[in-house]
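*Asks:* Provided herewith is a single structure, encoded as structure tokens, for subsequent inquiry.
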Amino acid sequence: MQFLRRIGFFLLWLAAPLLASAAVNKNDPYLVPLRGAGNVSLVVACIVVVILLLRRGRWHDLAGKLLVVLWCLPPLLMAAAHLTFELRKHDVLAASADEMRQLGPHFMVGYSSFAEVAHLAEQGLIGGVYVTRHNIRGRTIEALRAEIATLQDKRRAAGLPPLIVAADQEGGIVGHLAPPLTKLPGLATLTGLAPDDQQAKAEEFGRIHGRELAHLGVNLNLAPVLDLKPPGRRNRLDFHTLIGQRAIATDPVVVSTIASAYVRGLEESGVGATLKHFPGIGRVRSDTHHFSANLDTPVKELEATDWLPFREVLAQSHSALMVGHVTLTAIDPDRAASHSKRVVQGIVRDIWNYQGVVMTDDLVMGAIYQNDVCKAVVEAINAGVDLLLVAYDGAQFYRIFQCALDGSRQGRLDVAVLRASEARLARGFPTEQARASPHLFVPSATASLSRIDDNPARGETRTRSR
């Protein structure tokens, strides 16, 4: 019995600092499952342990006093973390109308609380919302449709442009609204068909996704995946990217053929497509949901392989482009592509002459969030990224928006770049408007990424003057 008491006492010493760490980091995306009832349970557990320690007379010796104090810390640290969150939230919600108008259109946010996201939408603090599985859990699809319609009604009443409403319906293992929407196989399942059949079937998949999403009120699908399928076995530590199961093929021509047809089907249904994840994550083994990742392939090789589908589909559609959180070491070894001016402005805008909408992958992913997220936010905006996505944990919007807010107040945001981005967003959505206007991506016969200096020691991206 004495032995068991010692074991229990040891476990209490071990658990107290762990709970204190969880409490002080209660707003971290990794601890989303602990929010709400989890936070309450943690506080109750701490109170119960403190009461038991006091009743057993542990307060009479130094070690016991220290243990009691340790178990009092988690609730206090949690209260401090919550206060920090509320102060940050208050600062964001108290932003001036000019600040909201300048920065709000560039943020797309996932949400759990309709009342909260409705307030953000009405105030102009966001330009888009992202809907996923938890938005339909335990509800009908018509309930979500009515919710989206209400958000758009609130935007109109506030004199603001319609929200971009995005979902993630790739097919295969990623179809966050299926069911209740139709669960389709991945586009990779079409590679065994003849080319004409590939196109016909892919276009049909696009129409099915497009019709169902449009009926729901979604106007942007975060698909298709254009990363080339990796030839080797997947990294066993890759729990979320799983690009080997999501990518279409290893052959860029096959990827272009299938993806172009799929995008046609989407656009014919009134839903925009998003090509992802430039500059490509098929060659990367690290999972950017959790870790930084380098893409060390020379630019000339990427231009001849991985980037062919992106250029081909962009040239034939009104698609948005999602930039991933991999570091393209030949161009900018110091930051991920998602917030690299050398990549976004130097390659996508200047070399490719693409003037459509560019968005980041989710900024809550570890490759960005666990590093200097504020620096990444400011750099992404100054690089010409149009939409900053906060998808997995919508509560992080307040932290990420405050990064932009502080950057603006400190004069670190390029106002001219923001204005150009605002113009792109205005003409990029809704899809019906985009289809009615000529596409702005004009690929040049002489434009070649071989004009980019692959030597990072130069410290800049060089392009031939136009």
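Naming scheme: A, B, ... for chains in displayed order of the structure tokens; residues 1 onward per chain; ligands 1 onward as shown.
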Determine, for each residue of range 129-242 of chain A having at least one atom at most 9 Å from an atom of range 391-409 of chain A, the closest pair of atoms and their separation in Å to one decimal, counting only C-alpha atoms; order by chain and ascending number, as a Markdown table.
*Replies:*
| residue | atom | partner | partner_atom | distance |
| --- | --- | --- | --- | --- |
| A:Val129 | CA | A:Ala391 | CA | 8.5 |
| A:Tyr130 | CA | A:Ala391 | CA | 6.3 |
| A:Val131 | CA | A:Ala391 | CA | 8.4 |
| A:Thr132 | CA | A:Ala391 | CA | 8.9 |
*Asks:* Could those residues be written to a file, using all heavy atoms, as an mmCIF file, in the first residue's frame?
*Replies:*
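Just written: result.cif:
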data_model
loop_
_atom_site.group_PDB
_atom_site.id
_atom_site.type_symbol
_atom_site.label_atom_id
_atom_site.label_comp_id
_atom_site.auth_asym_id
_atom_site.auth_seq_id
_atom_site.Cartn_x
_atom_site.Cartn_y
_atom_site.Cartn_z
ATOM 1 N N VAL A 129 -14.898 32.690 -45.828
ATOM 2 C CA VAL A 129 -15.015 31.658 -44.807
ATOM 3 C C VAL A 129 -14.717 30.304 -45.426
ATOM 4 O O VAL A 129 -14.870 30.103 -46.631
ATOM 5 C CB VAL A 129 -16.421 31.627 -44.151
ATOM 6 C CG1 VAL A 129 -16.676 32.901 -43.363
ATOM 7 C CG2 VAL A 129 -17.508 31.401 -45.192
ATOM 8 N N TYR A 130 -14.282 29.396 -44.582
ATOM 9 C CA TYR A 130 -13.959 28.033 -44.991
ATOM 10 C C TYR A 130 -14.855 27.084 -44.217
ATOM 11 O O TYR A 130 -14.915 27.141 -42.983
ATOM 12 C CB TYR A 130 -12.485 27.753 -44.687
ATOM 13 C CG TYR A 130 -12.080 26.305 -44.772
ATOM 14 C CD1 TYR A 130 -11.842 25.692 -46.007
ATOM 15 C CD2 TYR A 130 -11.899 25.540 -43.615
ATOM 16 C CE1 TYR A 130 -11.452 24.360 -46.085
ATOM 17 C CE2 TYR A 130 -11.511 24.217 -43.679
ATOM 18 C CZ TYR A 130 -11.289 23.626 -44.913
ATOM 19 O OH TYR A 130 -10.910 22.310 -44.989
ATOM 20 N N VAL A 131 -15.594 26.250 -44.926
ATOM 21 C CA VAL A 131 -16.492 25.306 -44.263
ATOM 22 C C VAL A 131 -15.958 23.893 -44.437
ATOM 23 O O VAL A 131 -15.430 23.529 -45.487
ATOM 24 C CB VAL A 131 -17.946 25.416 -44.788
ATOM 25 C CG1 VAL A 131 -18.542 26.758 -44.426
ATOM 26 C CG2 VAL A 131 -18.009 25.198 -46.298
ATOM 27 N N THR A 132 -16.113 23.104 -43.382
ATOM 28 C CA THR A 132 -15.557 21.762 -43.401
ATOM 29 C C THR A 132 -16.439 20.831 -42.566
ATOM 30 O O THR A 132 -17.583 21.179 -42.233
ATOM 31 C CB THR A 132 -14.106 21.780 -42.888
ATOM 32 O OG1 THR A 132 -13.523 20.492 -43.060
ATOM 33 C CG2 THR A 132 -14.032 22.204 -41.426
#
*Asks:* Enumerate, in order of chain and increasing residue number, the residues of range 273-292 of chain A with an atom no farther than 10 Å from range 239-250 of chain A, each with its shortest atom pair and distance in Å to one decimal, counting only C-alpha atoms, as CSV.
*Replies:*
residue,atom,partner,partner_atom,distance
A:Ile281,CA,A:Ile243,CA,7.4
A:Gly282,CA,A:Ile243,CA,6.4
A:Arg283,CA,A:Ile243,CA,9.6
A:Val284,CA,A:Ile243,CA,9.4
A:Arg285,CA,A:Thr241,CA,9.5
A:Ser286,CA,A:Thr241,CA,8.8
A:Asp287,CA,A:Thr241,CA,5.9
A:Thr288,CA,A:Thr241,CA,7.4
A:His289,CA,A:His240,CA,6.8
A:His290,CA,A:His240,CA,9.0
*Asks:* So, counting only C-alpha atoms, which residue among A:Gly280, A:Gly272, A:Gly124, A:Pro185 is closest to Ala167 in chain A?
*Replies:*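 Under the stated criterion, the closest residue is A:Gly272.
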*Asks:* Need the shell around Ala304 in chain A: protein/DNA/RNA residues with any atom at most 12 Å away, counting only C-alpha atoms. Skip same-chain ones fewer than 4 positions apart. Format as a list in words?
*Replies:*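 Those residues are Asp251, Pro252, Val253, Thr297, Pro298, Val299, Lys300, Leu308, Pro309, Phe310, Arg311, Glu312, Ser448, Leu449 and Ser450 of chain A.
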*Asks:* With distances taken over only C-alpha atoms, which of A:Ile173, A:Leu266, A:Val43, A:Val254 is nearest to Ala214 in chain A?
*Replies:*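 Residue with the minimum atom-to-atom distance to Ala214 in chain A: A:Leu266.
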*Asks:* Using the chain letters and numbers from this document, which residues of range 45-292 of chain A does DSSP assign to alpha helix (DSSP H), as a ChimeraX atom specification?
*Replies:* /A:45-55,62-93,97-103,114-123,141-157,195-216,243-246,252-268
*Asks:* Calculated over only C-alpha atoms, which of the candidates A:Ser96, A:Asn371, A:Asn27, A:Asn294 has the smallest distance to His82 in chain A?
*Replies:*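 The shortest atom-to-atom distance to His82 in chain A comes from A:Asn27.
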*Asks:* Between A:Ile136, A:Leu18, A:Ala81, A:Leu387, which one has atoms that come closest to Leu181 in chain A, using only C-alpha atoms?
*Replies:*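 So, comparing all the options, the nearest one is A:Ile136.
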*Asks:* At a cut-off of 9 Å, using only C-alpha atoms, what residues contact Pro17 in chain A? Leave out same-chain residues fewer than 5 positions from it and give the result as a list in words.
*Replies:*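 My list of contacting residues is Ala22, Leu70, Trp71, Leu73 and Pro74 of chain A.
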*Asks:* For Val50 in chain A, list every protein, DNA or RNA residue within 7 Å, evaluated using only C-alpha atoms, and leave out those in the same chain fewer than 3 positions away; present the list as a list in words.
*Replies:*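 So, after excluding close chain neighbours, the residues are Cys46, Ile47, Leu53, Leu54, Val68 and Trp71 of chain A.
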*Asks:* With N, CA, C and O atoms retained, export the selected residues as an mmCIF file, in the first residue's frame.
*Replies:*
data_model
loop_
_atom_site.group_PDB
_atom_site.id
_atom_site.type_symbol
_atom_site.label_atom_id
_atom_site.label_comp_id
_atom_site.auth_asym_id
_atom_site.auth_seq_id
_atom_site.Cartn_x
_atom_site.Cartn_y
_atom_site.Cartn_z
ATOM 1 N N CYS A 46 -7.595 19.900 -11.140
ATOM 2 C CA CYS A 46 -6.609 20.590 -10.295
ATOM 3 C C CYS A 46 -7.194 20.916 -8.923
ATOM 4 O O CYS A 46 -6.529 20.734 -7.887
ATOM 5 N N ILE A 47 -8.416 21.391 -8.896
ATOM 6 C CA ILE A 47 -9.064 21.733 -7.623
ATOM 7 C C ILE A 47 -9.243 20.491 -6.757
ATOM 8 O O ILE A 47 -8.964 20.506 -5.547
ATOM 9 N N LEU A 53 -4.877 16.823 -1.422
ATOM 10 C CA LEU A 53 -3.561 17.013 -0.810
ATOM 11 C C LEU A 53 -3.686 17.715 0.537
ATOM 12 O O LEU A 53 -2.995 17.354 1.511
ATOM 13 N N LEU A 54 -4.556 18.708 0.611
ATOM 14 C CA LEU A 54 -4.742 19.431 1.868
ATOM 15 C C LEU A 54 -5.382 18.539 2.927
ATOM 16 O O LEU A 54 -4.996 18.569 4.108
ATOM 17 N N VAL A 68 1.347 21.312 -3.700
ATOM 18 C CA VAL A 68 0.053 22.010 -3.707
ATOM 19 C C VAL A 68 0.121 23.251 -4.585
ATOM 20 O O VAL A 68 -0.790 23.533 -5.382
ATOM 21 N N TRP A 71 0.000 22.404 -8.224
ATOM 22 C CA TRP A 71 -1.342 22.054 -8.714
ATOM 23 C C TRP A 71 -2.290 23.252 -8.719
ATOM 24 O O TRP A 71 -3.357 23.196 -9.337
#
*Asks:* Quick check, in Å to one decimal: how far apart do CA of Phe205 in chain A and CA of Gly265 in chain A lie?
*Replies:*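 Here the two named atoms are 7.1 Å from each other.
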*Asks:* Hey, could you make a per-residue contact list for range 68-129 of chain A against range 410-422 of chain A with 10 Å as the cut-off, showing the nearest pair of atoms and its distance in Å to one decimal, counting only C-alpha atoms, sorted by chain and number, as CSV?
*Replies:*
residue,atom,partner,partner_atom,distance
A:Arg101,CA,A:Glu422,CA,9.9
A:Gln102,CA,A:Leu418,CA,7.5
A:Leu103,CA,A:Leu418,CA,8.2
A:Pro105,CA,A:Glu422,CA,7.4
A:His106,CA,A:Glu422,CA,7.9
*Asks:* Report as a PyMOL selection string all protein, DNA and RNA residues lying within 12 Å of Val40 in chain A, evaluated on only C-alpha atoms, omitting residues in the same chain fewer than 5 positions from it.
*Replies:* chain A and resi 23+26+34-35+45-47+74-75+78-79
